[in-house]
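K.L.:
The following block contains the structure, expressed as structure tokens.
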Amino acid sequence: MAKWGMVIDLEKCVGCQACTVACGMENNRLPGENWQDVIFFSEGTYPSAQLKWFPRPCQHCENPSCMAVCPTHATYKTEDGVVLVDWDKCIGCKYCMVACPYGVRFYTDEKPLVAPDMRKVYASKDDHSWNPPWKMPDAREDWKHGVGIQPHDVVSKCTFCYHRISKAPPGTPDLDPQDPKLREFTPACVVTCAPGARFFGDLSNPESNVSRIIGDKRGVRLLDQLGNKPQVYYVTGDGGAVPSSRAINKKV
Amino acid sequence: MNFTYPKTPSEAVAGALKMFGESHVTATIWKLSVAALVVSLAFVFYMLFTEGHAAFNTSSDGVNWGSAIATYVFFALTSSGLTLIASLSTVFGFKQFYPVAKRCIWLAIVTLIAGFSVLALELGHPFRMLWAVPLGMQIHSPMFWMGVFYTIDLLLLIVKFYLMWKDDWDSPFSHFIGNAGFVAVILASGMLGLLFGSMAMRPMWFGSATSLFFIISGALSGAAAIVVSVYLAYGFNPNNVPAPLRSLTLGDQLPKVFATLIGIVLMFLLTRIWVGLWSNIDGMEGFVALLHAPWFHLEVWVCLALPFLMMLSPSMQQVPKWQVTASVLVLVGMFIERLQFIVAGQNVPMFKGTWMNGVTPYTPSLTEWALVVVGISTALALYALGERLFNLCAAPKECMDVAGQLAQG
């Protein structure tokens with residue numbers, strides 16, 4: 001069984017947010033509620049300041065604290081290493097959001113992040129939280145795996161596009177969007193990444209491209225000290241660093 | 001107040017309805033709290049049906065758990081504390097505490113119901129919880145065990161209260177239920193502490209000391225609640241208080257227990273602040289924010305340090321008005337503590353804020369304040385109901401005699 005993981009090359013990422021848009025379209029996200037985000041921030045002060053960015057999907061941890069705290073098993077890990085939310089079991093207690101160190105989980109019913117509130121503009125007449133003008137075919141919707149437009153009062157998050165990767169041919173080491181046969185099984189953010197900064201494949205296969213990149217280019221994980229052991233690795237190149245290991249100016 | 005206590009359920013319902021036309025302190029509390037409950041609950045339901053949980057000021061970006069969870073924790077721990085106070089007589093044999101035991105058990109039931117009610121209104125799917133938690137069997141989750149232990153706690157409290165209602169104070173079964181209830185309440189409040197204390201990624205909450213703090217501070221709010229409720233039941237007039245009860249409240253034992261608990265809680269708070277300000281692990285900046293928050297200073301100086309001095313002072317500790325003042329201040333302080341603890345643990349962003357290090361602001365919305373009113377009015381209404389229907393100052397006859405002699409002597 002594969003253990004799906006992602007590598008993001010920070011030296012190649014240009015911060016274009018195409019991944020965020022592709023994820024939003026693929027997964028019918030509410031505006032502003034980005035399962036996959038590229039977070040912008042500044043470092044240093046003028047005239048020695050720099051604008052920086054950091055792409056951040058769900059880390060699909062090996063030891064997910066969100067799964068351990070969920071009182072109903074609504075958050076679970078599939079055999080192929082993906083952390084998902086069963087929307088039919090979620091009671092909306094938000095404990096998983098409190099326990100996730102990466103801030104990648106969202107509660108459906110909150111104040112709108114972007115005006116106007118699309119849930120009211122495109123109101124749903126059934127159990128869905130809204131009825132967007134563009135949405136994935138009903139056949140792909142799968143609440144047991146947290147795929148589709150979510151219902152009211154549940155927690156949602158990135159699924160690594162589970163509706164795509166779960167249909168990949170067994171034994172595939174890498175889901176390379178350059179290969180026409182594999183493109184439709186590759187996560188939307190990887191397919192759309194213009195500079196090719198994202199790689200997706202089987203971390204348990206030492207021959208896979210992702211395993212090679214992690215080994216050759218010293219892939220690092222975000223907030224690794226917390227023990228969640230993410231399955232998203234970052235390649236930082238010379239002098240690069242993930243946010244948790246950067247110097248910060250404390251201000252409270 | 002010489003009530004005729006009902007013997008059957010239909011008499012009890014008739015007694016509750018009759019209270020709307022009566023004019024004693026308990027009836028006034030009943031009428032006001034039922035009115036407050038109806039209004040606040042109607043407002044909360046209206047907001048939940050029209051806006052959903054968007055009516056709350058909680059967000060995925062910052063504070064996920066707000067004042068509703070703080071209110072639940074406040075009531076759940078007050079309930080645990082009341083059970084611990086009842087255990088002084090029912091488990092540990094300090095017979096002078098018997099006159100408040102039945103009242104403690106009833107108040108423990110009503111505060112737990114108030115807490116559960118608020119929690120249910122905060123959850124996205126409260127009815128789904130009823131089957132999803134037991135069927136999920138997620139034994140790694142502290143929330144799962146908290147649910148298990150608080151459910152057992154509530155059932156044991158109800159059985160114990162039923163036995164007391166039937167004047168069964170000393171049978172082996174009654175002792176067994178009392179002992180089991182004591183174990184259950186330690187596990188329940190300790191597990192509620194672990195629900196926060198297990199969070200290694202949230203250093204302001206992390207550690208097993210959180211469980212201990214929850215148990216001790218729960219005992220403090222339980223002690224404060226029982227002092228207020230005893231005087232409340234007698235219209236704040238100490239002359240109305242029956243002699244056995246007076247010997248307990250107006251003696252120096254309850255104030256001493258009270259002062260000790262306040263002192264331990266203050267020590268916990270001060271050492272926590274010390275560790276928080278000294279340590280530089282990411283997330284501890286919330287302690288600096290706490291020092292900047294006026295509510296925190298109100299809690300520490302006015303609601304804890306002041307009552308501590310009052311209950312230590314020989315000239316104040318046995319004076320009813322100062323006992324009530326100290327107790328009310330402690331209850332307010334404990335509510336602020338629950339809110340500050342829960343919010344401060346979340347409003348330093350763990351990941352998104354690593355480069356900004358700001359503090360996410362949070363103020364409860366009107367709907368969230370209405371939920372606080374739902375909790376308080378539920379507890380007060382049920383308290384008044386118990387006062388009217390169940391003779392809450394009942395105790396074993398021999399204890400009442402001994403306590404009465406002590407009061408006269």
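Chains: A, B, ... in order of the structure tokens. Residues: from 1 per chain. Ligands: from 1, in order shown.
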So that I can check the surroundings of Tyr234 of chain A, please list as a PyMOL selection string every protein, DNA and RNA residue that reaches within 8 Å of it, counting only C-alpha atoms and ignoring chain neighbours fewer than 3 positions away.
P.N.:
chain A and resi 7-10+219-222+242
K.L.:
Find the residues in chain B near chain A: any atom within 9 Å counts, using only C-alpha atoms. Write them as a PyMOL selection string.
P.N.:
chain B and resi 51-65+122-129+131-145+195+199-202+285-286+288-289+346+348-352+354-359
K.L.:
Tell me which protein, DNA and RNA residues are within 12 Å of Val332 of chain B, counting only C-alpha atoms, leaving out same-chain ones fewer than 2 positions away, and put them as a ChimeraX atom specification.
P.N.:
/B:71,74,78,220-221,224-225,295-296,298-300,302-304,307,325-330,334-339,376
K.L.:
Nearest to Lys135 of chain A among A:Arg29, A:Phe54, A:Ala18, A:Ala194, with distances taken over only C-alpha atoms: which residue is it?
P.N.:
A:Arg29
K.L.:
Would you mind writing down, as a PyMOL selection string, each residue of segment 145-220 of chain B that DSSP on the backbone assigns to alpha helix (DSSP H)?
P.N.:
chain B and resi 145-165+172-197+209-220
K.L.:
With only C-alpha atoms as the counted atoms, please give the residues lying no more than 12 Å from Pro195 of chain A, apart from itself and same-chain residues fewer than 5 positions off, as a ChimeraX atom specification.
P.N.:
/A:8-19,189-190
K.L.:
Which is closer to Trp30 of chain B than all the others in B:Ala395, B:Met284, B:Leu380, B:Met204, using only C-alpha atoms?
P.N.:
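Counting only C-alpha atoms, the residue closest to Trp30 of chain B is B:Leu380.
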K.L.:
Name the residues in contact with Tyr72 of chain B at a cut-off of 10 Å, using only C-alpha atoms, excluding same-chain residues fewer than 2 positions from it; report them as a list in words.
P.N.:
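In the requested format, the answer is Ser67, Ala68, Ile69, Ala70, Phe74, Phe75, Ala76, Leu77, Thr78, Thr111, Leu112, Ile113, Ala114, Gly115, Phe116, Ser117, Val118, Leu119, Ala120, Glu122, Arg338, Leu371, Val372 and Gly375 of chain B.
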K.L.:
When you count only C-alpha atoms, which of these residues is closest to Ala188 of chain A: A:Arg119, A:His60, A:His128, A:His163?
P.N.:
A:His163
K.L.:
Write down as a list of chain:residue names the residues of segment 35-120 of chain A whose backbone DSSP state falls under strand (DSSP E).
P.N.:
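Residues of segment 35-120 of chain A classed as strand (DSSP E): A:Asp37, A:Val38, A:Ile39, A:Phe40, A:Phe41, A:Ser42, A:Glu43, A:Gln50, A:Leu51, A:Lys52, A:Trp53, A:Phe54, A:Pro55, A:Arg56, A:Thr75, A:Tyr76, A:Lys77, A:Val83, A:Leu84, A:Val85, A:Phe106, A:Tyr107.
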K.L.:
For atom CA of Ala22 of chain A and atom CA of Thr192 of chain A, determine how far apart the two atoms are, in Å to one decimal place.
P.N.:
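Separation between atom CA of Ala22 of chain A and atom CA of Thr192 of chain A: 6.7 Å.
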K.L.:
Please provide the set of residues having any atom within 12 Å of Val39 of chain B, restricted to only C-alpha atoms, with same-chain residues fewer than 3 positions apart removed, written as a list in words.
P.N.:
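That gives Leu32, Ser33, Val34, Ala35, Ala36, Ala42, Phe43, Val44, Phe45, Tyr46, Thr367, Ala370, Leu371, Val373, Val374, Ser377 and Thr378 of chain B.
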